[in-house]
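Q: As input, take start22.cif (mmCIF, C-alpha atoms):
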data_start
loop_
_atom_site.group_PDB
_atom_site.id
_atom_site.type_symbol
_atom_site.label_atom_id
_atom_site.label_comp_id
_atom_site.auth_asym_id
_atom_site.auth_seq_id
_atom_site.Cartn_x
_atom_site.Cartn_y
_atom_site.Cartn_z
ATOM 1 C CA MET A 202 0.000 0.000 0.000
ATOM 2 C CA ASN A 203 1.255 3.450 -0.931
ATOM 3 C CA ARG A 204 1.076 5.796 2.085
ATOM 4 C CA ALA A 205 1.684 9.417 2.982
ATOM 5 C CA PHE A 206 2.592 10.518 6.487
ATOM 6 C CA VAL A 207 0.625 13.575 7.612
ATOM 7 C CA PHE A 208 1.146 15.784 10.645
ATOM 8 C CA PRO A 209 -1.549 17.676 12.585
ATOM 9 C CA GLY A 210 -1.894 21.400 13.137
ATOM 10 C CA GLN A 211 -2.998 23.569 16.009
ATOM 11 C CA GLY A 212 -6.107 22.398 17.819
ATOM 12 C CA SER A 213 -4.897 18.840 18.399
ATOM 13 C CA GLN A 214 -2.912 19.716 21.533
ATOM 14 C CA ALA A 215 -4.051 18.361 24.911
ATOM 15 C CA VAL A 216 -2.584 18.118 28.389
ATOM 16 C CA GLY A 217 -0.921 14.704 28.676
ATOM 17 C CA MET A 218 0.230 14.678 25.062
ATOM 18 C CA GLY A 219 3.268 12.473 24.542
ATOM 19 C CA VAL A 220 3.228 11.002 28.055
ATOM 20 C CA ASP A 221 2.658 7.391 26.975
ATOM 21 C CA LEU A 222 5.208 7.691 24.176
ATOM 22 C CA ALA A 223 7.845 8.977 26.594
ATOM 23 C CA ALA A 224 7.066 6.160 29.013
ATOM 24 C CA ALA A 225 7.404 3.501 26.325
ATOM 25 C CA PHE A 226 10.292 4.745 24.167
ATOM 26 C CA ILE A 227 13.606 6.369 25.044
ATOM 27 C CA THR A 228 13.583 7.680 21.469
ATOM 28 C CA ALA A 229 10.545 9.810 22.294
ATOM 29 C CA ARG A 230 12.092 11.022 25.553
ATOM 30 C CA ASP A 231 15.193 12.082 23.616
ATOM 31 C CA VAL A 232 13.060 14.116 21.190
ATOM 32 C CA PHE A 233 11.283 15.915 24.028
ATOM 33 C CA GLN A 234 14.572 16.640 25.806
ATOM 34 C CA GLU A 235 16.144 18.028 22.646
ATOM 35 C CA VAL A 236 13.158 20.334 22.088
ATOM 36 C CA ASP A 237 13.342 21.517 25.716
ATOM 37 C CA GLU A 238 17.034 22.302 25.331
ATOM 38 C CA ALA A 239 16.535 24.096 22.020
ATOM 39 C CA LEU A 240 13.875 26.347 23.522
ATOM 40 C CA GLY A 241 15.444 26.792 26.958
ATOM 41 C CA GLN A 242 12.013 25.853 28.297
ATOM 42 C CA ASN A 243 10.564 22.827 30.076
ATOM 43 C CA LEU A 244 7.972 22.355 27.352
ATOM 44 C CA SER A 245 7.729 18.617 28.016
ATOM 45 C CA LYS A 246 6.542 19.320 31.584
ATOM 46 C CA LEU A 247 3.900 21.702 30.219
ATOM 47 C CA MET A 248 2.815 18.992 27.777
ATOM 48 C CA ARG A 249 2.557 16.439 30.601
ATOM 49 C CA GLU A 250 0.982 18.537 33.317
ATOM 50 C CA GLY A 251 -0.404 21.731 31.834
ATOM 51 C CA PRO A 252 -1.927 24.091 32.728
ATOM 52 C CA GLU A 253 -4.025 23.951 29.589
ATOM 53 C CA THR A 254 -4.213 27.770 29.508
ATOM 54 C CA ASP A 255 -0.448 27.843 28.877
ATOM 55 C CA LEU A 256 -0.326 24.832 26.554
ATOM 56 C CA VAL A 257 -2.902 26.310 24.168
ATOM 57 C CA LEU A 258 -0.867 29.497 23.703
ATOM 58 C CA THR A 259 0.226 29.471 20.080
ATOM 59 C CA GLU A 260 3.928 29.774 20.910
ATOM 60 C CA ASN A 261 3.704 26.627 23.075
ATOM 61 C CA ALA A 262 1.161 24.568 21.147
ATOM 62 C CA GLN A 263 3.092 24.732 17.885
ATOM 63 C CA PRO A 264 6.438 23.284 19.089
ATOM 64 C CA ALA A 265 4.600 20.842 21.394
ATOM 65 C CA LEU A 266 2.591 19.350 18.541
ATOM 66 C CA MET A 267 5.721 19.111 16.427
ATOM 67 C CA ALA A 268 7.620 17.335 19.221
ATOM 68 C CA VAL A 269 5.024 14.572 19.527
ATOM 69 C CA SER A 270 4.757 14.175 15.753
ATOM 70 C CA VAL A 271 8.522 13.847 15.320
ATOM 71 C CA ALA A 272 8.673 11.468 18.284
ATOM 72 C CA VAL A 273 6.231 9.126 16.532
ATOM 73 C CA ALA A 274 8.189 9.265 13.268
ATOM 74 C CA ARG A 275 11.515 8.638 15.008
ATOM 75 C CA VAL A 276 10.123 5.717 17.005
ATOM 76 C CA LEU A 277 8.950 4.128 13.762
ATOM 77 C CA GLU A 278 12.419 4.533 12.304
ATOM 78 C CA LYS A 279 14.681 3.813 15.296
ATOM 79 C CA ASP A 280 12.650 1.372 17.343
ATOM 80 C CA GLY A 281 10.720 -0.104 14.442
ATOM 81 C CA GLY A 282 13.743 -0.308 12.169
ATOM 82 C CA LYS A 283 11.822 1.161 9.243
ATOM 83 C CA PRO A 284 13.422 4.072 7.334
ATOM 84 C CA LEU A 285 10.868 6.756 6.519
ATOM 85 C CA PRO A 286 11.151 6.330 2.708
ATOM 86 C CA SER A 287 10.203 2.660 3.138
ATOM 87 C CA LEU A 288 7.008 3.661 4.948
ATOM 88 C CA CYS A 289 5.692 6.569 2.872
ATOM 89 C CA SER A 290 6.027 8.229 -0.516
ATOM 90 C CA HIS A 291 5.122 11.759 0.643
ATOM 91 C CA VAL A 292 4.844 13.860 3.789
ATOM 92 C CA ALA A 293 2.413 16.707 4.430
ATOM 93 C CA GLY A 294 1.280 18.731 7.417
ATOM 94 C CA HIS A 295 -1.656 20.969 8.216
ATOM 95 C CA SER A 296 -0.284 24.493 8.783
ATOM 96 C CA LEU A 297 2.420 24.146 11.480
ATOM 97 C CA GLY A 298 2.373 20.422 10.656
ATOM 98 C CA GLU A 299 4.466 21.253 7.581
ATOM 99 C CA TYR A 300 7.356 21.951 9.924
ATOM 100 C CA SER A 301 6.778 18.607 11.664
ATOM 101 C CA ALA A 302 6.781 16.927 8.258
ATOM 102 C CA LEU A 303 10.060 18.600 7.294
ATOM 103 C CA ALA A 304 11.712 17.612 10.573
ATOM 104 C CA ALA A 305 10.480 14.023 10.244
ATOM 105 C CA ALA A 306 11.759 13.881 6.662
ATOM 106 C CA GLY A 307 15.195 15.166 7.636
ATOM 107 C CA ALA A 308 14.935 18.531 5.883
ATOM 108 C CA LEU A 309 15.128 20.544 9.129
ATOM 109 C CA LYS A 310 17.065 19.789 12.284
ATOM 110 C CA LEU A 311 14.832 19.191 15.282
ATOM 111 C CA ALA A 312 16.284 22.065 17.324
ATOM 112 C CA ASP A 313 15.888 24.499 14.416
ATOM 113 C CA THR A 314 12.300 23.351 13.904
ATOM 114 C CA ALA A 315 11.439 23.948 17.560
ATOM 115 C CA ARG A 316 12.911 27.456 17.511
ATOM 116 C CA LEU A 317 11.206 28.312 14.208
ATOM 117 C CA LEU A 318 7.823 27.227 15.553
ATOM 118 C CA LYS A 319 8.302 29.153 18.785
ATOM 119 C CA LEU A 320 8.999 32.269 16.711
ATOM 120 C CA ARG A 321 6.129 31.483 14.354
ATOM 121 C CA GLY A 322 3.711 31.259 17.258
ATOM 122 C CA GLN A 323 4.978 34.451 18.870
ATOM 123 C CA SER A 324 4.925 36.341 15.564
ATOM 124 C CA MET A 325 1.415 35.226 14.697
ATOM 125 C CA GLN A 326 0.150 36.323 18.104
ATOM 126 C CA LYS A 327 1.844 39.716 17.855
ATOM 127 C CA ALA A 328 0.666 40.410 14.292
ATOM 128 C CA VAL A 329 -2.877 41.375 15.305
ATOM 129 C CA PRO A 330 -4.034 42.750 18.682
ATOM 130 C CA VAL A 331 -6.298 40.404 20.640
ATOM 131 C CA GLY A 332 -9.934 41.087 19.788
ATOM 132 C CA VAL A 333 -9.268 42.688 16.406
ATOM 133 C CA GLY A 334 -9.319 39.453 14.434
ATOM 134 C CA ALA A 335 -11.337 36.254 14.465
ATOM 135 C CA MET A 336 -11.780 32.916 12.720
ATOM 136 C CA ALA A 337 -14.965 30.976 12.018
ATOM 137 C CA ALA A 338 -15.782 27.478 10.820
ATOM 138 C CA LEU A 339 -18.338 27.122 8.051
ATOM 139 C CA LEU A 340 -19.896 23.667 7.760
ATOM 140 C CA GLY A 341 -21.759 22.306 4.782
ATOM 141 C CA ILE A 342 -20.325 24.719 2.229
ATOM 142 C CA GLU A 343 -17.747 24.373 -0.525
ATOM 143 C CA LEU A 344 -14.787 26.579 -1.351
ATOM 144 C CA ASP A 345 -16.292 28.703 -4.120
ATOM 145 C CA GLN A 346 -19.362 29.647 -2.069
ATOM 146 C CA ALA A 347 -17.192 30.470 0.948
ATOM 147 C CA GLN A 348 -14.938 32.691 -1.167
ATOM 148 C CA ALA A 349 -17.980 34.498 -2.559
ATOM 149 C CA ALA A 350 -19.258 35.041 0.982
ATOM 150 C CA CYS A 351 -15.898 36.545 1.977
ATOM 151 C CA THR A 352 -15.934 38.875 -1.023
ATOM 152 C CA GLU A 353 -19.418 40.104 -0.097
ATOM 153 C CA ALA A 354 -18.556 40.442 3.607
ATOM 154 C CA ALA A 355 -15.256 42.311 3.329
ATOM 155 C CA GLN A 356 -16.681 45.843 2.958
ATOM 156 C CA GLY A 357 -13.219 47.392 3.123
ATOM 157 C CA GLU A 358 -11.953 44.991 5.799
ATOM 158 C CA ILE A 359 -10.095 41.703 5.435
ATOM 159 C CA VAL A 360 -11.760 38.311 5.496
ATOM 160 C CA ALA A 361 -10.497 35.298 3.549
ATOM 161 C CA VAL A 362 -10.677 31.517 3.440
ATOM 162 C CA ALA A 363 -7.979 30.253 5.801
ATOM 163 C CA ASN A 364 -8.491 26.484 5.514
ATOM 164 C CA ASP A 365 -10.172 24.354 2.880
ATOM 165 C CA ASN A 366 -10.317 21.187 4.961
ATOM 166 C CA GLY A 367 -12.605 19.226 2.663
ATOM 167 C CA GLY A 368 -15.899 17.517 3.286
ATOM 168 C CA GLY A 369 -17.719 20.841 3.307
ATOM 169 C CA GLN A 370 -15.586 22.232 6.118
ATOM 170 C CA ILE A 371 -14.160 25.712 5.482
ATOM 171 C CA VAL A 372 -12.492 28.097 7.943
ATOM 172 C CA VAL A 373 -12.466 31.862 7.326
ATOM 173 C CA SER A 374 -10.207 34.430 8.968
ATOM 174 C CA GLY A 375 -9.814 38.195 9.183
ATOM 175 C CA HIS A 376 -11.169 41.257 10.943
ATOM 176 C CA LYS A 377 -13.756 40.184 13.535
ATOM 177 C CA ALA A 378 -16.694 42.143 12.131
ATOM 178 C CA ALA A 379 -15.931 40.978 8.591
ATOM 179 C CA VAL A 380 -15.720 37.352 9.752
ATOM 180 C CA GLU A 381 -19.114 37.713 11.439
ATOM 181 C CA ARG A 382 -20.560 39.143 8.217
ATOM 182 C CA ALA A 383 -19.016 36.264 6.254
ATOM 183 C CA VAL A 384 -20.766 33.734 8.497
ATOM 184 C CA GLU A 385 -24.142 35.334 7.678
ATOM 185 C CA ALA A 386 -23.313 35.618 3.972
ATOM 186 C CA ALA A 387 -22.320 31.945 3.939
ATOM 187 C CA LYS A 388 -25.600 30.914 5.552
ATOM 188 C CA ALA A 389 -27.398 32.676 2.722
ATOM 189 C CA ARG A 390 -25.383 30.478 0.350
ATOM 190 C CA GLY A 391 -26.383 27.213 1.983
ATOM 191 C CA CYS A 392 -23.926 26.944 4.876
ATOM 192 C CA LYS A 393 -25.531 24.647 7.475
ATOM 193 C CA ARG A 394 -23.640 26.042 10.434
ATOM 194 C CA GLY A 395 -21.199 28.864 11.082
ATOM 195 C CA MET A 396 -19.415 29.407 14.370
ATOM 196 C CA LEU A 397 -16.621 31.576 15.683
ATOM 197 C CA LEU A 398 -13.582 29.578 16.822
ATOM 198 C CA PRO A 399 -11.805 29.999 20.176
ATOM 199 C CA VAL A 400 -8.515 31.223 18.709
ATOM 200 C CA SER A 401 -6.278 34.076 19.764
ATOM 201 C CA ALA A 402 -5.447 35.464 16.309
ATOM 202 C CA PRO A 403 -6.740 35.369 12.707
ATOM 203 C CA PHE A 404 -4.347 32.856 11.133
ATOM 204 C CA HIS A 405 -3.829 32.296 7.400
ATOM 205 C CA CYS A 406 -5.076 35.642 6.138
ATOM 206 C CA PRO A 407 -3.353 38.854 4.960
ATOM 207 C CA LEU A 408 -3.438 40.274 8.522
ATOM 208 C CA MET A 409 -0.600 37.835 9.268
ATOM 209 C CA GLN A 410 1.869 39.647 6.977
ATOM 210 C CA PRO A 411 4.096 40.806 9.897
ATOM 211 C CA ALA A 412 4.453 37.154 10.926
ATOM 212 C CA ALA A 413 5.256 36.157 7.337
ATOM 213 C CA ASP A 414 8.018 38.774 7.268
ATOM 214 C CA ALA A 415 9.443 37.449 10.541
ATOM 215 C CA MET A 416 9.427 33.876 9.247
ATOM 216 C CA GLN A 417 11.090 34.870 5.988
ATOM 217 C CA ALA A 418 13.962 36.424 7.918
ATOM 218 C CA ALA A 419 14.237 33.427 10.253
ATOM 219 C CA LEU A 420 14.134 30.837 7.479
ATOM 220 C CA GLU A 421 16.878 32.623 5.567
ATOM 221 C CA GLY A 422 19.204 31.874 8.480
ATOM 222 C CA VAL A 423 18.351 28.172 8.801
ATOM 223 C CA ALA A 424 19.940 25.310 6.883
ATOM 224 C CA MET A 425 17.457 23.093 5.059
ATOM 225 C CA ALA A 426 18.211 19.882 3.172
ATOM 226 C CA PRO A 427 15.988 18.225 0.578
ATOM 227 C CA PRO A 428 13.410 16.066 2.417
ATOM 228 C CA ARG A 429 13.934 12.319 2.082
ATOM 229 C CA VAL A 430 10.475 12.089 0.521
ATOM 230 C CA PRO A 431 8.686 15.010 -1.167
ATOM 231 C CA LEU A 432 6.685 17.497 0.902
ATOM 232 C CA VAL A 433 3.161 18.283 -0.309
ATOM 233 C CA SER A 434 2.932 22.027 0.268
ATOM 234 C CA ASN A 435 -0.161 23.575 1.906
ATOM 235 C CA ALA A 436 0.186 26.656 -0.252
ATOM 236 C CA LEU A 437 0.581 24.837 -3.590
ATOM 237 C CA ALA A 438 -1.185 21.504 -3.035
ATOM 238 C CA SER A 439 1.668 19.872 -4.911
ATOM 239 C CA ALA A 440 5.003 18.266 -4.067
ATOM 240 C CA LEU A 441 8.266 20.090 -3.397
ATOM 241 C CA SER A 442 11.792 18.868 -2.687
ATOM 242 C CA ASP A 443 13.924 21.963 -3.343
ATOM 243 C CA PRO A 444 14.790 23.682 -0.030
ATOM 244 C CA GLU A 445 14.512 27.241 -1.367
ATOM 245 C CA ALA A 446 11.128 26.518 -2.929
ATOM 246 C CA ILE A 447 9.955 24.967 0.347
ATOM 247 C CA LYS A 448 11.091 28.004 2.352
ATOM 248 C CA LEU A 449 9.211 30.330 -0.007
ATOM 249 C CA GLN A 450 5.980 28.378 0.415
ATOM 250 C CA LEU A 451 6.389 28.202 4.202
ATOM 251 C CA VAL A 452 6.429 32.004 4.174
ATOM 252 C CA ASN A 453 3.488 32.213 1.761
ATOM 253 C CA GLY A 454 1.562 29.796 3.949
ATOM 254 C CA VAL A 455 1.505 32.216 6.896
ATOM 255 C CA THR A 456 -0.910 34.522 5.070
ATOM 256 C CA GLY A 457 -2.258 32.024 2.539
ATOM 257 C CA MET A 458 -4.955 29.375 2.578
ATOM 258 C CA VAL A 459 -4.250 25.855 3.813
ATOM 259 C CA ARG A 460 -5.265 23.874 0.723
ATOM 260 C CA TRP A 461 -5.746 20.603 2.594
ATOM 261 C CA ARG A 462 -8.543 19.152 0.449
ATOM 262 C CA GLU A 463 -6.530 19.769 -2.695
ATOM 263 C CA SER A 464 -3.388 18.414 -1.051
ATOM 264 C CA VAL A 465 -5.113 15.137 -0.203
ATOM 265 C CA LEU A 466 -6.485 14.849 -3.745
ATOM 266 C CA TYR A 467 -3.007 15.595 -5.115
ATOM 267 C CA MET A 468 -1.594 12.733 -3.041
ATOM 268 C CA LYS A 469 -4.305 10.448 -4.356
ATOM 269 C CA SER A 470 -3.313 11.442 -7.892
ATOM 270 C CA ARG A 471 0.189 10.216 -7.006
ATOM 271 C CA ASP A 472 -1.253 6.812 -6.033
ATOM 272 C CA VAL A 473 -1.354 7.403 -2.276
ATOM 273 C CA GLU A 474 -4.018 5.108 -0.828
ATOM 274 C CA ALA A 475 -3.733 5.856 2.895
ATOM 275 C CA LEU A 476 -2.849 8.827 5.097
ATOM 276 C CA VAL A 477 -1.048 7.953 8.329
ATOM 277 C CA GLU A 478 -1.403 10.737 10.918
ATOM 278 C CA CYS A 479 1.629 10.959 13.210
ATOM 279 C CA GLY A 480 1.262 12.767 16.518
ATOM 280 C CA THR A 481 -1.618 13.915 18.668
ATOM 281 C CA GLY A 482 -5.281 13.552 17.770
ATOM 282 C CA LYS A 483 -7.151 12.122 14.813
ATOM 283 C CA ILE A 484 -8.359 15.203 12.949
ATOM 284 C CA LEU A 485 -6.545 14.604 9.654
ATOM 285 C CA SER A 486 -7.131 10.856 9.538
ATOM 286 C CA GLY A 487 -10.797 11.560 10.233
ATOM 287 C CA LEU A 488 -11.084 13.985 7.327
ATOM 288 C CA VAL A 489 -9.790 11.538 4.730
ATOM 289 C CA LYS A 490 -13.053 9.763 3.952
ATOM 290 C CA ARG A 491 -14.883 13.082 3.720
ATOM 291 C CA ILE A 492 -12.472 14.163 0.995
ATOM 292 C CA ASP A 493 -12.225 10.879 -0.926
ATOM 293 C CA ARG A 494 -14.111 7.694 -0.078
ATOM 294 C CA GLU A 495 -11.484 5.468 -1.683
ATOM 295 C CA MET A 496 -8.709 6.625 0.642
ATOM 296 C CA THR A 497 -8.181 5.486 4.217
ATOM 297 C CA GLY A 498 -6.863 7.235 7.301
ATOM 298 C CA LEU A 499 -4.967 5.899 10.296
ATOM 299 C CA ALA A 500 -3.790 7.763 13.410
ATOM 300 C CA LEU A 501 -0.614 6.804 15.277
ATOM 301 C CA ASN A 502 -1.038 8.393 18.710
ATOM 302 C CA THR A 503 -0.042 5.703 21.203
ATOM 303 C CA PRO A 504 2.600 2.970 21.612
ATOM 304 C CA ALA A 505 -0.114 0.416 20.829
ATOM 305 C CA ASP A 506 -0.965 2.257 17.591
ATOM 306 C CA ILE A 507 2.692 2.229 16.572
ATOM 307 C CA GLU A 508 3.213 -1.444 17.405
ATOM 308 C CA ALA A 509 0.080 -2.463 15.509
ATOM 309 C CA PHE A 510 1.118 -0.383 12.489
ATOM 310 C CA LEU A 511 4.629 -1.870 12.394
ATOM 311 C CA LYS A 512 3.139 -5.363 12.185
ATOM 312 C CA THR A 513 1.437 -4.415 8.924
ATOM 313 C CA VAL A 514 4.471 -2.978 7.105
#
Could you take the file, read its structure, and then write that structure out as structure tokens?

A:
Amino acid sequence: MNRAFVFPGQGSQAVGMGVDLAAAFITARDVFQEVDEALGQNLSKLMREGPETDLVLTENAQPALMAVSVAVARVLEKDGGKPLPSLCSHVAGHSLGEYSALAAAGALKLADTARLLKLRGQSMQKAVPVGVGAMAALLGIELDQAQAACTEAAQGEIVAVANDNGGGQIVVSGHKAAVERAVEAAKARGCKRGMLLPVSAPFHCPLMQPAADAMQAALEGVAMAPPRVPLVSNALASALSDPEAIKLQLVNGVTGMVRWRESVLYMKSRDVEALVECGTGKILSGLVKRIDREMTGLALNTPADIEAFLKTV
């Protein structure tokens, strides 16, 4: 079976994340220690014990999610004895998950990835004052209708599609009042439900340009190798292996739409039959069937998940 490894984005974090992996595998403990040292922060303790109010902060959630994702991938390789290219033909990640994918595929060093995500989280939070921006989920609507709703709702402000997650699930982002107008405009176009999301900033829209500028500067100073398997870019919904091209799309992705539905369909067009979600939660593996009924999704969250998966490969 041809597989792609996929890595979750923000929203999958939870207190206790990575605890069972650390208990079962020294490889996972080593990953968490290296991330702690890179950040000069006891992030692994925050992941284990909380408080949740600190863990959900963007600057903490992003490196924490990456740490668990990379821990799963490294356990598969080191403890399972399976090199990544023997397990998957592509890697992809939802938003910050792209960085997890690049670290797992050997394009970025783990310490660099942790520091980049810390900066990414801080920069995204600083880009827009709290309360100015918002994000909303639109359910039961497709991309073109959501984009039309944003165009109608803008009225001189910014509102744009942030995520096309597939299965009729769209997220919009921008100025708070414009996002609220977009929810109503979407309902008039057949949206079954629209709801504001509990986020601290309006990600993946033009309001994030200051964060994109910060990431461009940071990425210029970081060494990146070609990934061992191609990365399917959020911004392009196609595969990349050239480090400079990847860096450019990481920057573009800060303000641009996460083209997840198209990315999954691209992987299918490259004969990928199953998406294996590495890390915390089951959001991406759960979306697979809603995007394409012929594809399957599997989440590797626990030691038992990993052991069961290794028996099949």

Q: Specify as a short mmCIF file (atom, residue, chain, number, x, y, z; two decimals) with C-alpha atoms, keeping the file's coordinate frame each residue included when the PyMOL selection byres ((chain A and resi 382-398) around 8) is applied to this file.

A:
data_model
loop_
_atom_site.label_atom_id
_atom_site.label_comp_id
_atom_site.auth_asym_id
_atom_site.auth_seq_id
_atom_site.Cartn_x
_atom_site.Cartn_y
_atom_site.Cartn_z
CA ALA A 335 -11.34 36.25 14.46
CA MET A 336 -11.78 32.92 12.72
CA ALA A 337 -14.96 30.98 12.02
CA ALA A 338 -15.78 27.48 10.82
CA LEU A 339 -18.34 27.12 8.05
CA LEU A 340 -19.90 23.67 7.76
CA GLY A 341 -21.76 22.31 4.78
CA ILE A 342 -20.32 24.72 2.23
CA GLN A 346 -19.36 29.65 -2.07
CA ALA A 347 -17.19 30.47 0.95
CA ALA A 350 -19.26 35.04 0.98
CA CYS A 351 -15.90 36.54 1.98
CA GLU A 353 -19.42 40.10 -0.10
CA ALA A 354 -18.56 40.44 3.61
CA ALA A 355 -15.26 42.31 3.33
CA VAL A 360 -11.76 38.31 5.50
CA VAL A 373 -12.47 31.86 7.33
CA ALA A 378 -16.69 42.14 12.13
CA ALA A 379 -15.93 40.98 8.59
CA VAL A 380 -15.72 37.35 9.75
CA GLU A 381 -19.11 37.71 11.44
CA PRO A 399 -11.80 30.00 20.18
CA VAL A 400 -8.52 31.22 18.71
#

Q: Around stretch 329-338 of chain A, fit a box with edges along x, y and z, padding it by 6 Å on each side, then list its centre and edge lengths in Å to one decimal as AutoDock Vina command-line options.

A:
--center_x -9.3 --center_y 35.1 --center_z 15.7 --size_x 24.9 --size_y 27.3 --size_z 21.8

Q: Can you tell me how far atom CA of A:Leu511 sits from atom CA of A:Met248, in Å to one decimal?

A: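 According to the coordinates, atom CA of A:Leu511 and atom CA of A:Met248 are separated by 26.0 Å.
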
Q: When you look at A:Leu420 with a cut-off of 10 Å (counting only C-alpha atoms), what residues show up, excluding the ones that are within fewer than 5 positions of it in the same chain? I need them as a VMD selection string.

A: chain A and resid 313 317 415 425 445 448 to 449 451 to 452

Q: Once the PyMOL selection byres ((chain A and resi 299-306) around 10) has been applied to the shown file, what residues remain in the selection, as a VMD selection string?

A: chain A and resid 206 to 210 263 to 264 266 to 275 278 284 to 286 291 to 298 307 to 315 317 to 318 425 to 435 447 451 454 479 to 480

Q: For atom CA of A:Pro252 and atom CA of A:Val216, quote the distance in Å rounded to one decimal.

A: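 Between these atoms lies a distance of 7.4 Å.
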
Q: Quote the spacing between atom CA of A:Lys279 and atom CA of A:Val232 in Å to one decimal place.

A: 12.0 Å

Q: On this file, the PyMOL selection byres ((chain A and resi 437) around 10) gives some set of residues; write that set as number ranges by chain.

A: A: 433-436, 438-441, 450, 453-454, 457-461, 463-464

Q: Find the residues near A:Gly281: any atom within 12 Å, counting only C-alpha atoms, skip ones fewer than 6 places away on the same chain, and give them as an NGL selection string.

A: :A and (226 or 228 or 273-275 or 287-288 or 504 or 507-514)

Q: Need the shell around A:Arg494: protein/DNA/RNA residues with any atom at most 12 Å away, counting all atoms listed in the file. Skip same-chain ones fewer than 5 positions apart. Format as a ChimeraX atom specification?

A: /A:367-368,465-466,469,474-475,487-489

Q: Ranking A:Met409, A:Ala500, A:Met468, A:Val423 by minimum distance to A:Val455 and counting all atoms listed in the file, which one comes first?

A: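 Comparing A:Met409, A:Ala500, A:Met468, A:Val423 against A:Val455, the winner is A:Met409.
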
Q: Between A:Arg249, A:Lys319, A:Arg462, A:Lys283, single out the one closest to A:Leu344, counting all atoms listed in the file.

A: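 When distances to A:Leu344 are compared using all atoms listed in the file, the smallest one comes from A:Arg462.
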
Q: A:Gly212, A:Gly482, A:Gly357, A:Gly369: which is nearest A:Val257, counting all atoms listed in the file?

A: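 Ranking A:Gly212, A:Gly482, A:Gly357, A:Gly369 by distance to A:Val257, first place goes to A:Gly212.
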
Q: Select, counting all atoms listed in the file, all protein, DNA and RNA residues no farther than 6 Å from (-9.0, 36.3, 12.2) in file coordinates, and express the selection as a PDB file with C-alpha atoms, keeping the file's coordinate frame.

A:
ATOM      1  CA  GLY A 334      -9.319  39.453  14.434  1.00  0.00           C
ATOM      2  CA  ALA A 335     -11.337  36.254  14.465  1.00  0.00           C
ATOM      3  CA  MET A 336     -11.780  32.916  12.720  1.00  0.00           C
ATOM      4  CA  SER A 374     -10.207  34.430   8.968  1.00  0.00           C
ATOM      5  CA  GLY A 375      -9.814  38.195   9.183  1.00  0.00           C
ATOM      6  CA  HIS A 376     -11.169  41.257  10.943  1.00  0.00           C
ATOM      7  CA  ALA A 402      -5.447  35.464  16.309  1.00  0.00           C
ATOM      8  CA  PRO A 403      -6.740  35.369  12.707  1.00  0.00           C
ATOM      9  CA  PHE A 404      -4.347  32.856  11.133  1.00  0.00           C
TER      10      PHE A 404
END

Q: For A:Gln242, work out the shell of residues within 10 Å, counting only C-alpha atoms and skipping chain neighbours fewer than 6 positions away, then give it as a PDB file with C-alpha atoms, keeping the file's coordinate frame.

A:
ATOM      1  CA  GLN A 234      14.572  16.640  25.806  1.00  0.00           C
ATOM      2  CA  VAL A 236      13.158  20.334  22.088  1.00  0.00           C
ATOM      3  CA  ASN A 261       3.704  26.627  23.075  1.00  0.00           C
TER       4      ASN A 261
END

Q: Report as a PyMOL selection string all protein, DNA and RNA residues lying within 10 Å of A:Pro411, evaluated on all atoms listed in the file, omitting residues in the same chain fewer than 6 positions from it.

A: chain A and resi 324-325+327-329+417+455-456

Q: Rank A:Arg316, A:Arg471, A:His405, A:Lys377 by their smallest atom-to-atom distance to A:Cys289, using all atoms listed in the file, and report the top residue only.

A: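 Answer, going by the shortest atom-to-atom distance: A:Arg471.
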